[in-house]
$ cat coords-v1.txt   # compact mmCIF, C-alpha atoms and all ligand atoms
# COMPACT_ATOMS: atom_id res chain seq x y z
CA MET A 629 -60.73 40.41 -39.01
CA PRO A 630 -63.04 37.79 -37.52
CA SER A 631 -61.35 38.09 -34.14
CA THR A 632 -62.40 41.71 -33.73
CA SER A 633 -65.94 41.13 -34.93
CA ILE A 634 -66.52 38.29 -32.50
CA LYS A 635 -65.47 40.55 -29.64
CA SER A 636 -68.42 42.80 -30.41
CA HIS A 637 -70.55 40.03 -28.91
CA ASN A 638 -69.32 40.99 -25.51
CA ASN A 639 -72.48 39.80 -23.84
CA TYR A 640 -71.31 36.23 -24.44
CA ILE A 641 -68.88 34.19 -22.41
CA LEU A 642 -66.61 32.79 -25.13
CA PHE A 643 -65.75 29.78 -23.03
CA ASP A 644 -63.51 26.76 -23.64
CA ASN A 645 -64.64 24.04 -21.24
CA HIS A 646 -61.48 21.95 -21.29
CA MET A 647 -57.92 23.16 -21.59
CA HIS A 648 -54.68 21.86 -20.09
CA LEU A 649 -51.68 24.15 -19.68
CA ARG A 650 -48.11 23.62 -18.58
CA GLN A 651 -46.04 26.41 -17.13
CA ASN A 652 -42.99 25.16 -19.01
CA GLY A 653 -45.02 24.50 -22.17
CA ARG A 654 -46.48 27.25 -24.35
CA PHE A 655 -48.49 28.51 -21.37
CA MET A 656 -49.06 32.28 -21.84
CA GLU A 657 -48.42 31.98 -25.58
CA ALA A 658 -51.39 29.60 -25.75
CA VAL A 659 -53.47 31.86 -23.49
CA ASN A 660 -52.68 34.86 -25.69
CA MET A 661 -53.66 32.94 -28.83
CA PHE A 662 -57.01 32.27 -27.18
CA ILE A 663 -57.46 35.93 -26.24
CA LYS A 664 -56.41 37.17 -29.68
CA ALA A 665 -59.08 35.00 -31.32
CA GLY A 666 -61.71 36.49 -28.98
CA GLY A 667 -61.86 33.93 -26.16
CA ASN A 668 -62.59 35.35 -22.75
CA SER A 669 -62.84 32.44 -20.31
CA PHE A 670 -61.85 28.81 -19.99
CA ASN A 671 -61.80 25.82 -17.73
CA LEU A 672 -58.23 24.98 -16.72
CA VAL A 673 -58.07 21.23 -16.04
CA ASN A 674 -54.97 19.87 -14.33
CA LEU A 675 -52.54 17.78 -16.36
CA PRO A 676 -51.28 14.48 -15.00
CA GLU A 677 -47.72 15.74 -14.50
CA ASP A 678 -44.89 14.34 -12.40
CA PHE A 679 -43.56 16.73 -9.79
CA GLY A 680 -41.93 14.38 -7.29
CA PRO A 681 -43.01 11.56 -5.02
CA LEU A 682 -46.17 9.72 -6.09
CA SER A 683 -47.54 9.86 -2.56
CA ASN A 684 -47.70 13.66 -2.87
CA ARG A 685 -48.83 13.63 -6.50
CA TYR A 686 -52.15 15.44 -6.26
CA GLU A 687 -51.11 18.20 -3.92
CA ALA A 688 -48.19 19.04 -6.24
CA ILE A 689 -50.36 18.93 -9.39
CA TYR A 690 -53.21 20.97 -7.89
CA GLU A 691 -50.90 23.62 -6.45
CA GLN A 692 -49.21 23.98 -9.83
CA THR A 693 -52.58 24.30 -11.60
CA LEU A 694 -53.79 26.94 -9.15
CA LYS A 695 -50.50 28.81 -9.51
CA MET A 696 -51.01 28.99 -13.29
CA ALA A 697 -54.64 30.11 -12.87
CA GLY A 698 -53.40 32.90 -10.59
CA ILE A 699 -50.80 34.05 -13.10
CA ILE A 700 -53.36 34.09 -15.93
CA ARG A 701 -55.87 36.06 -13.85
CA SER A 702 -53.26 38.61 -12.83
CA GLU A 703 -51.86 39.09 -16.33
CA THR A 704 -55.11 39.05 -18.32
CA SER A 705 -58.79 39.84 -17.85
CA LEU A 706 -59.86 36.25 -18.50
CA ASP A 707 -62.19 34.37 -16.19
CA VAL A 708 -60.49 31.08 -15.33
CA VAL A 709 -62.50 28.18 -13.93
CA VAL A 710 -60.36 25.44 -12.34
CA THR A 711 -61.02 21.70 -12.40
CA LEU A 712 -58.93 19.37 -10.24
CA GLY A 713 -58.87 15.61 -10.01
CA PRO A 714 -56.99 12.34 -10.51
CA TYR A 715 -56.64 11.48 -14.21
CA PRO A 716 -58.12 8.02 -14.99
CA MET A 717 -54.83 6.65 -16.34
CA ASP A 718 -53.14 7.38 -13.01
CA TYR A 719 -54.59 4.01 -12.06
CA PHE A 720 -51.75 2.32 -13.95
CA LEU A 721 -49.13 4.62 -12.48
CA PHE A 722 -50.04 3.56 -8.95
CA THR A 723 -50.31 -0.15 -9.73
CA ASP A 724 -46.93 -0.01 -11.55
CA HIS A 725 -45.40 1.31 -8.34
CA GLY A 726 -47.06 -1.24 -6.10
CA MET A 727 -49.43 1.37 -4.64
CA ASN A 728 -53.20 1.02 -4.20
CA PRO A 729 -54.79 3.21 -6.89
CA LEU A 730 -58.19 3.37 -5.20
CA GLU A 731 -56.69 4.66 -1.98
CA TYR A 732 -54.55 7.34 -3.62
CA MET A 733 -57.09 8.43 -6.22
CA LYS A 734 -59.89 8.75 -3.65
CA ALA A 735 -57.52 10.81 -1.50
CA GLY A 736 -56.92 12.90 -4.63
CA ILE A 737 -60.66 13.52 -4.88
CA ASP A 738 -60.83 14.44 -1.19
CA LEU A 739 -58.02 16.94 -1.70
CA ALA A 740 -59.74 18.47 -4.76
CA ALA A 741 -62.87 18.80 -2.60
CA LYS A 742 -60.89 20.79 -0.03
CA TYR A 743 -59.73 23.27 -2.68
CA ILE A 744 -63.31 23.62 -3.90
CA LEU A 745 -64.58 24.20 -0.37
CA ASP A 746 -61.90 26.87 0.05
CA GLY A 747 -63.18 28.58 -3.10
CA LYS A 748 -59.95 27.93 -4.99
CA ALA A 749 -61.36 25.49 -7.56
CA ASN A 750 -64.73 24.94 -9.22
CA ALA A 751 -65.14 21.33 -10.32
CA ILE A 752 -63.75 17.82 -9.94
CA GLY A 753 -62.27 16.18 -13.05
CA GLU A 754 -61.20 14.90 -15.30
CA ILE A 755 -61.81 11.59 -13.64
CA GLY A 756 -63.39 8.44 -15.01
CA ARG A 757 -62.40 5.40 -17.00
CA PRO A 758 -59.65 4.73 -19.55
CA HIS A 759 -60.97 5.55 -23.05
CA PHE A 760 -59.53 2.29 -24.46
CA PRO A 761 -60.54 -1.33 -23.69
CA VAL A 762 -59.29 -2.53 -20.29
CA ALA A 763 -59.91 -5.51 -18.00
CA ASP A 764 -63.25 -5.67 -16.19
CA SER A 765 -61.46 -5.29 -12.86
CA ILE A 766 -60.11 -1.89 -13.97
CA ILE A 767 -63.56 -0.77 -15.14
CA GLU A 768 -64.99 -1.80 -11.76
CA ALA A 769 -62.29 0.07 -9.86
CA SER A 770 -62.73 3.13 -12.12
CA ASP A 771 -66.49 3.06 -11.57
CA GLU A 772 -65.89 2.97 -7.84
CA ILE A 773 -63.81 6.14 -8.20
CA ILE A 774 -66.54 7.74 -10.35
CA SER A 775 -69.21 6.96 -7.75
CA TYR A 776 -66.97 8.31 -4.99
CA ALA A 777 -66.47 11.53 -6.95
CA MET A 778 -70.21 11.78 -7.66
CA LEU A 779 -70.96 11.64 -3.94
CA THR A 780 -68.28 14.24 -3.25
CA CYS A 781 -69.62 16.56 -5.94
CA LYS A 782 -73.14 16.09 -4.64
CA ASP A 783 -72.01 17.31 -1.21
CA LEU A 784 -70.20 20.26 -2.77
CA ASN A 785 -72.89 20.91 -5.38
CA CYS A 786 -70.16 21.21 -8.00
CA PRO A 787 -69.77 19.78 -11.51
CA LEU A 788 -67.98 16.53 -12.24
CA ILE A 789 -66.04 16.36 -15.51
CA LEU A 790 -65.87 12.79 -16.79
CA HIS A 791 -63.31 11.22 -19.07
CA THR A 792 -64.66 7.93 -20.43
CA GLU A 793 -64.75 5.78 -23.53
CA ASP A 794 -67.16 7.04 -26.22
CA LEU A 795 -70.69 6.46 -24.95
CA ASP A 796 -73.66 5.16 -26.88
CA SER A 797 -77.22 5.29 -25.60
CA GLN A 798 -76.57 2.28 -23.33
CA GLY A 799 -73.38 3.83 -22.00
CA TYR A 800 -75.17 7.05 -21.09
CA LYS A 801 -77.98 5.07 -19.44
CA ARG A 802 -75.46 3.18 -17.34
CA LEU A 803 -73.84 6.43 -16.30
CA GLU A 804 -77.26 7.91 -15.53
CA LYS A 805 -77.98 4.98 -13.25
CA MET A 806 -74.72 5.56 -11.35
CA THR A 807 -75.64 9.22 -11.11
CA LEU A 808 -79.13 8.51 -9.78
CA ASP A 809 -77.75 5.96 -7.29
CA THR A 810 -75.53 8.62 -5.75
CA GLY A 811 -78.25 11.27 -5.76
CA ILE A 812 -76.28 13.91 -7.65
CA GLY A 813 -78.22 15.80 -10.33
CA LEU A 814 -77.67 14.73 -13.94
CA ASP A 815 -77.08 18.37 -14.77
CA ARG A 816 -73.89 18.30 -12.66
CA ILE A 817 -72.27 15.54 -14.73
CA VAL A 818 -70.33 16.57 -17.83
CA LYS A 819 -69.20 14.03 -20.43
CA HIS A 820 -65.96 15.48 -21.75
CA HIS A 821 -65.15 14.66 -25.39
CA ALA A 822 -68.81 13.98 -26.25
CA SER A 823 -69.90 13.63 -29.87
CA PRO A 824 -72.30 16.24 -31.32
CA LEU A 825 -74.59 13.32 -32.18
CA ASP A 826 -74.83 12.54 -28.45
CA LEU A 827 -77.11 15.59 -28.32
CA CYS A 828 -79.73 13.42 -30.09
CA LEU A 829 -79.66 10.82 -27.29
CA ASP A 830 -82.22 10.79 -24.54
CA THR A 831 -80.00 11.72 -21.59
CA LYS A 832 -79.71 14.74 -19.36
CA ILE A 833 -75.98 14.28 -18.77
CA GLN A 834 -74.20 17.40 -19.98
CA LYS A 835 -72.00 17.21 -23.06
CA SER A 836 -68.76 19.02 -23.73
CA ILE A 837 -67.93 18.70 -27.42
CA LEU A 838 -64.54 19.04 -29.12
CA ALA A 839 -64.65 22.28 -31.12
CA SER A 840 -63.52 20.81 -34.45
CA ARG A 841 -65.05 22.22 -37.64
CA SER A 842 -66.86 18.98 -38.45
CA ASN A 843 -68.31 18.69 -34.92
CA VAL A 844 -69.55 22.26 -34.92
CA ARG A 845 -71.27 21.72 -38.27
CA GLU A 846 -73.15 18.76 -36.75
CA ILE A 847 -74.24 20.51 -33.57
CA SER A 848 -77.48 21.81 -35.06
CA LYS A 849 -78.61 18.32 -36.12
CA CYS A 850 -79.88 17.64 -32.62
CA LYS A 851 -81.15 20.05 -30.04
CA GLY A 852 -79.58 19.99 -26.64
CA LYS A 853 -77.40 21.69 -24.09
CA PHE A 854 -73.69 21.63 -24.80
CA LEU A 855 -70.34 23.26 -24.19
CA LEU A 856 -67.35 23.46 -26.51
CA GLU A 857 -63.79 22.46 -25.66
CA THR A 858 -60.36 22.08 -27.22
CA ASP A 859 -58.85 19.58 -24.77
CA TYR A 860 -55.66 21.45 -25.61
CA VAL A 861 -52.70 19.63 -24.05
CA ASP A 862 -49.82 22.04 -23.70
CA ASP A 863 -46.94 19.98 -25.04
CA PRO A 864 -44.96 21.86 -27.71
CA ALA A 865 -43.06 18.65 -28.58
CA SER A 866 -46.24 16.95 -29.75
CA GLY A 867 -47.79 19.75 -31.76
CA TRP A 868 -51.23 21.21 -31.08
CA LYS A 869 -53.20 18.29 -29.77
CA VAL A 870 -56.02 17.75 -29.26
CA ILE A 871 -56.84 20.96 -31.16
CA PRO A 872 -55.18 24.41 -30.86
CA PRO A 873 -56.05 26.69 -27.94
CA ASP A 874 -57.74 29.33 -30.13
CA SER A 875 -60.22 26.86 -31.65
CA VAL A 876 -63.32 27.72 -29.60
CA PRO A 877 -63.40 31.46 -30.43
CA LYS A 878 -62.52 30.61 -34.04
CA ARG A 879 -65.45 28.17 -34.20
CA ALA A 880 -67.66 30.88 -32.74
CA VAL A 881 -66.87 32.98 -35.81
CA MET A 882 -67.58 29.98 -38.02
CA MET A 883 -70.91 29.27 -36.29
CA ARG A 884 -72.01 32.84 -36.82
CA GLU A 885 -71.05 32.75 -40.47
CA GLU A 886 -72.40 29.29 -41.34
CA LEU A 887 -75.23 28.37 -39.00
CA ASP A 888 -78.66 30.01 -39.19
CA ASP A 889 -79.38 29.20 -35.56
CA TRP A 890 -76.07 30.54 -34.26
CA GLU A 891 -77.77 32.87 -31.79
CA SER A 892 -79.60 30.11 -29.96
CA LEU A 893 -76.39 28.01 -30.02
CA PHE A 894 -74.39 30.93 -28.60
CA ASP A 895 -77.03 31.42 -25.89
CA GLU A 896 -76.53 27.80 -24.94
CA CYS A 897 -72.77 27.21 -25.00
CA PHE A 898 -71.52 30.75 -24.43
CA LEU A 899 -73.93 31.85 -21.74
CA LYS A 900 -76.51 29.53 -20.18
CA GLU A 901 -74.42 26.38 -19.87
CA PRO A 902 -71.25 27.91 -18.42
CA ILE A 903 -73.31 29.86 -15.87
CA ALA A 904 -75.52 26.87 -15.01
CA LEU A 905 -72.46 24.71 -14.39
CA TYR A 906 -70.00 27.01 -12.69
CA GLY A 907 -72.17 29.86 -11.41
CA GLU A 908 -72.29 33.53 -12.36
CA ASP A 909 -69.50 34.45 -9.97
CA SER A 910 -67.05 32.37 -11.98
CA PHE A 911 -67.53 34.80 -14.87
CA ALA A 912 -67.36 38.04 -12.94
CA GLU A 913 -64.99 39.70 -15.44
CA ASN A 914 -67.18 38.86 -18.41
CA LEU A 915 -70.52 39.57 -16.79
CA HIS A 916 -69.17 42.79 -15.21
CA LEU A 917 -70.38 41.69 -11.79
ZN ZN A 1001 -58.34 16.46 -20.79

$ encode --input "coords-v1.txt" --output "structure tokens" --more "lines below"
Ligand SMILES: [Zn+2]
Amino acid sequence: MPSTSIKSHNNYILFDNHMHLRQNGRFMEAVNMFIKAGGNSFNLVNLPEDFGPLSNRYEAIYEQTLKMAGIIRSETSLDVVVTLGPYPMDYFLFTDHGMNPLEYMKAGIDLAAKYILDGKANAIGEIGRPHFPVADSIIEASDEIISYAMLTCKDLNCPLILHTEDLDSQGYKRLEKMTLDTGIGLDRIVKHHASPLDLCLDTKIQKSILASRSNVREISKCKGKFLLETDYVDDPASGWKVIPPDSVPKRAVMMREELDDWESLFDECFLKEPIALYGEDSFAENLHL
């Protein structure tokens, strides 16, 4: 059984950097799939869910996310990192209701910052820009939110998880410039849903790569720091998108079986990178601290 053999590598943090759960979705069933495949920690990113009045949107979403993290920690021995923030597409939700998206989304970032200061959450995200073409005015507004979040994360010294369109070399350079303008370190910025070929680009922005089989096979083509993620969205009605919650530990088995340099890759994505981003304390269960 691959799942038992991967567990023998208990010096690694088998970490999924991007997972969304819903308490009335598969929730613990998804968590248990992850554990059964050998996973031992993940980043729980809030879902853009509706829990009541829009004016109270982020408090309701964050509280729900923290509640789920608490349940998972009490029922399992997983380390759960928590990322909170206003989802980029919330922009449309606020404009549709005649509300100012910048005002509410910045307040959402401020509230996430409070939870991080209180030690209840670890990172801000996923924030950013819509991943599909939109009007220039929406890109400008989204960039204003990104810069605001960068400044906030700089003050907190915490990671910022970005949701954007696919980035080419120019796109990364533009993002780097925004990063440098705000003074936050490039190593604090994580491009979620990065391509493995982005590792070949000359940029120090961190990359979190979807743990599909084809992506993992391409990871060795370029050298670079990376994390793996499923971007699992817990919605039983729409299948297993983006990929199933047990994919990262399953790809770990695949990497060990197929890639000659699996040990240096494991060192990167299952040890150095998670610790560099979220700190050793976030993995106390795994590191036996
Ligand atoms: Zn996501």

$ residues_near_ligand --input "coords-v1.txt" --ligand "ligand ZN 1001 (chain A)" --cutoff "12 Å" --atoms "all atoms listed in the file" --output "ChimeraX atom specification"
/A:644-649,671-676,711-717,753-756,758-759,789-792,819-821,836-838,857-862,869-871

$ atom_distance --input "coords-v1.txt" --atom1 "CA of Leu788 in chain A" --atom2 "CA of Ile752 in chain A"
5.0 Å

$ atom_distance --input "coords-v1.txt" --atom1 "CA of Pro864 in chain A" --atom2 "CA of Leu694 in chain A"
21.2 Å

$ atom_distance --input "coords-v1.txt" --atom1 "CA of Asn639 in chain A" --atom2 "CA of Gly852 in chain A"
21.2 Å

$ closest_residue --input "coords-v1.txt" --among "A:Met882, A:Val708, A:Val876, A:Ala904" --to "Cys786 in chain A" --atoms "only C-alpha atoms"
A:Ala904

$ axis_aligned_box --input "coords-v1.txt" --around "range 816-823 of chain A" --padding-each-side "6 Å" --output "lines of an AutoDock Vina configuration file"
center_x = -69.5
center_y = 16.0
center_z = -21.3
size_x = 20.7
size_y = 16.7
size_z = 29.2

$ residues_around --input "coords-v1.txt" --residues "Cys781 in chain A" --least-positions-apart "6" --cutoff "12 Å" --atoms "all atoms listed in the file" --output "JSON, numbers by chain"
{"A": [711, 712, 713, 737, 738, 740, 741, 742, 744, 745, 750, 751, 752, 753, 774, 775, 787, 788, 789, 807, 810, 811, 812, 813, 814, 815, 816, 817, 818]}

$ closest_residue --input "coords-v1.txt" --among "A:Leu682, A:Phe894, A:Ala865, A:Cys828" --to "Asn652 in chain A" --atoms "only C-alpha atoms"
A:Ala865

$ residues_around --input "coords-v1.txt" --residues "Asn684 in chain A" --least-positions-apart "5" --cutoff "10 Å" --atoms "all atoms listed in the file" --output "PyMOL selection string"
chain A and resi 678-679+689+732+736

$ closest_residue --input "coords-v1.txt" --among "A:Arg879, A:Lys782, A:Lys835, A:Lys853" --to "Asp895 in chain A" --atoms "only C-alpha atoms"
A:Lys853

$ closest_residue --input "coords-v1.txt" --among "A:Asp826, A:Ser892, A:Asp874, A:Tyr906" --to "Gly799 in chain A" --atoms "only C-alpha atoms"
A:Asp826

$ residues_around --input "coords-v1.txt" --residues "Tyr719 in chain A" --least-positions-apart "2" --cutoff "9 Å" --atoms "all atoms listed in the file" --output "list of chain:residue names"
A:Pro714, A:Tyr715, A:Pro716, A:Met717, A:Leu721, A:Phe722, A:Thr723, A:Asp724, A:Asn728, A:Pro729, A:Leu730, A:Met733, A:Ile766, A:Ala769, A:Ser770

$ write_last_selection --input "coords-v1.txt" --atoms "C-alpha atoms" --output "PDB file, keeping the file's coordinate frame"
ATOM      1  CA  PRO A 714     -56.990  12.340 -10.510  1.00  0.00           C
ATOM      2  CA  TYR A 715     -56.640  11.480 -14.210  1.00  0.00           C
ATOM      3  CA  PRO A 716     -58.120   8.020 -14.990  1.00  0.00           C
ATOM      4  CA  MET A 717     -54.830   6.650 -16.340  1.00  0.00           C
ATOM      5  CA  LEU A 721     -49.130   4.620 -12.480  1.00  0.00           C
ATOM      6  CA  PHE A 722     -50.040   3.560  -8.950  1.00  0.00           C
ATOM      7  CA  THR A 723     -50.310  -0.150  -9.730  1.00  0.00           C
ATOM      8  CA  ASP A 724     -46.930  -0.010 -11.550  1.00  0.00           C
ATOM      9  CA  ASN A 728     -53.200   1.020  -4.200  1.00  0.00           C
ATOM     10  CA  PRO A 729     -54.790   3.210  -6.890  1.00  0.00           C
ATOM     11  CA  LEU A 730     -58.190   3.370  -5.200  1.00  0.00           C
ATOM     12  CA  MET A 733     -57.090   8.430  -6.220  1.00  0.00           C
ATOM     13  CA  ILE A 766     -60.110  -1.890 -13.970  1.00  0.00           C
ATOM     14  CA  ALA A 769     -62.290   0.070  -9.860  1.00  0.00           C
ATOM     15  CA  SER A 770     -62.730   3.130 -12.120  1.00  0.00           C
TER      16      SER A 770
END

$ closest_residue --input "coords-v1.txt" --among "A:Leu899, A:Ile773, A:Ala749, A:Ala697" --to "Glu731 in chain A" --atoms "only C-alpha atoms"
A:Ile773

$ closest_residue --input "coords-v1.txt" --among "A:Asn668, A:Ser842, A:Asn660, A:Gln798" --to "Ile641 in chain A" --atoms "all atoms listed in the file"
A:Asn668

$ decode --input "coords-v1.txt" --residues "range 764-775 of chain A" --atoms "all heavy atoms" --output "CSV table (one decimal), in the first residue's frame"
chain,number,residue,atom,x,y,z
A,764,ASP,N,-10.3,47.2,-17.3
A,764,ASP,CA,-9.2,47.8,-16.7
A,764,ASP,C,-9.5,48.4,-15.3
A,764,ASP,O,-8.7,48.3,-14.4
A,764,ASP,CB,-8.6,49.0,-17.5
A,764,ASP,CG,-7.9,48.4,-18.7
A,764,ASP,OD1,-7.7,47.2,-18.8
A,764,ASP,OD2,-7.5,49.2,-19.6
A,765,SER,N,-10.7,49.0,-15.2
A,765,SER,CA,-11.1,49.6,-13.9
A,765,SER,C,-11.1,48.5,-12.8
A,765,SER,O,-10.7,48.8,-11.6
A,765,SER,CB,-12.4,50.3,-14.0
A,765,SER,OG,-13.4,49.3,-14.3
A,766,ILE,N,-11.5,47.3,-13.1
A,766,ILE,CA,-11.6,46.2,-12.1
A,766,ILE,C,-10.1,45.7,-11.8
A,766,ILE,O,-9.8,45.4,-10.6
A,766,ILE,CB,-12.5,45.1,-12.6
A,766,ILE,CG1,-13.9,45.6,-12.8
A,766,ILE,CG2,-12.4,43.9,-11.6
A,766,ILE,CD1,-14.9,44.6,-13.3
A,767,ILE,N,-9.3,45.7,-12.8
A,767,ILE,CA,-7.9,45.3,-12.5
A,767,ILE,C,-7.2,46.4,-11.6
A,767,ILE,O,-6.6,46.0,-10.6
A,767,ILE,CB,-7.1,45.2,-13.8
A,767,ILE,CG1,-7.6,44.0,-14.6
A,767,ILE,CG2,-5.6,45.0,-13.5
A,767,ILE,CD1,-7.0,43.9,-16.0
A,768,GLU,N,-7.5,47.6,-11.9
A,768,GLU,CA,-6.9,48.7,-11.0
A,768,GLU,C,-7.4,48.6,-9.6
A,768,GLU,O,-6.6,48.7,-8.6
A,768,GLU,CB,-7.3,50.1,-11.6
A,768,GLU,CG,-6.4,50.6,-12.6
A,768,GLU,CD,-6.9,51.8,-13.4
A,768,GLU,OE1,-7.7,52.6,-12.8
A,768,GLU,OE2,-6.7,51.9,-14.6
A,769,ALA,N,-8.7,48.4,-9.4
A,769,ALA,CA,-9.3,48.2,-8.1
A,769,ALA,C,-8.7,47.0,-7.4
A,769,ALA,O,-8.3,47.0,-6.2
A,769,ALA,CB,-10.8,48.1,-8.1
A,770,SER,N,-8.6,45.9,-8.1
A,770,SER,CA,-8.0,44.7,-7.6
A,770,SER,C,-6.6,44.9,-7.1
A,770,SER,O,-6.1,44.4,-6.1
A,770,SER,CB,-8.1,43.5,-8.6
A,770,SER,OG,-9.5,43.3,-8.9
A,771,ASP,N,-5.8,45.6,-8.0
A,771,ASP,CA,-4.4,45.9,-7.6
A,771,ASP,C,-4.3,46.7,-6.4
A,771,ASP,O,-3.4,46.6,-5.6
A,771,ASP,CB,-3.7,46.5,-8.8
A,771,ASP,CG,-3.3,45.5,-9.9
A,771,ASP,OD1,-3.6,44.3,-9.7
A,771,ASP,OD2,-2.9,45.9,-11.0
A,772,GLU,N,-5.3,47.6,-6.2
A,772,GLU,CA,-5.3,48.4,-5.0
A,772,GLU,C,-5.5,47.6,-3.8
A,772,GLU,O,-4.9,47.7,-2.7
A,772,GLU,CB,-6.4,49.5,-5.1
A,772,GLU,CG,-6.3,50.5,-4.0
A,772,GLU,CD,-7.4,51.6,-4.1
A,772,GLU,OE1,-7.8,52.0,-5.2
A,772,GLU,OE2,-7.8,52.1,-3.0
A,773,ILE,N,-6.4,46.6,-3.9
A,773,ILE,CA,-6.6,45.6,-2.8
A,773,ILE,C,-5.3,44.8,-2.6
A,773,ILE,O,-4.9,44.5,-1.4
A,773,ILE,CB,-7.8,44.7,-3.1
A,773,ILE,CG1,-9.1,45.6,-3.1
A,773,ILE,CG2,-7.9,43.6,-2.1
A,773,ILE,CD1,-10.3,45.0,-3.7
A,774,ILE,N,-4.7,44.4,-3.6
A,774,ILE,CA,-3.4,43.6,-3.5
A,774,ILE,C,-2.4,44.4,-2.7
A,774,ILE,O,-1.8,43.9,-1.8
A,774,ILE,CB,-2.9,43.1,-4.9
A,774,ILE,CG1,-3.8,42.1,-5.5
A,774,ILE,CG2,-1.5,42.5,-4.7
A,774,ILE,CD1,-3.4,41.7,-6.9
A,775,SER,N,-2.2,45.6,-3.1
A,775,SER,CA,-1.2,46.5,-2.5
A,775,SER,C,-1.5,46.7,-1.0
A,775,SER,O,-0.6,46.7,-0.1
A,775,SER,CB,-1.1,47.8,-3.2
A,775,SER,OG,-0.5,47.7,-4.5
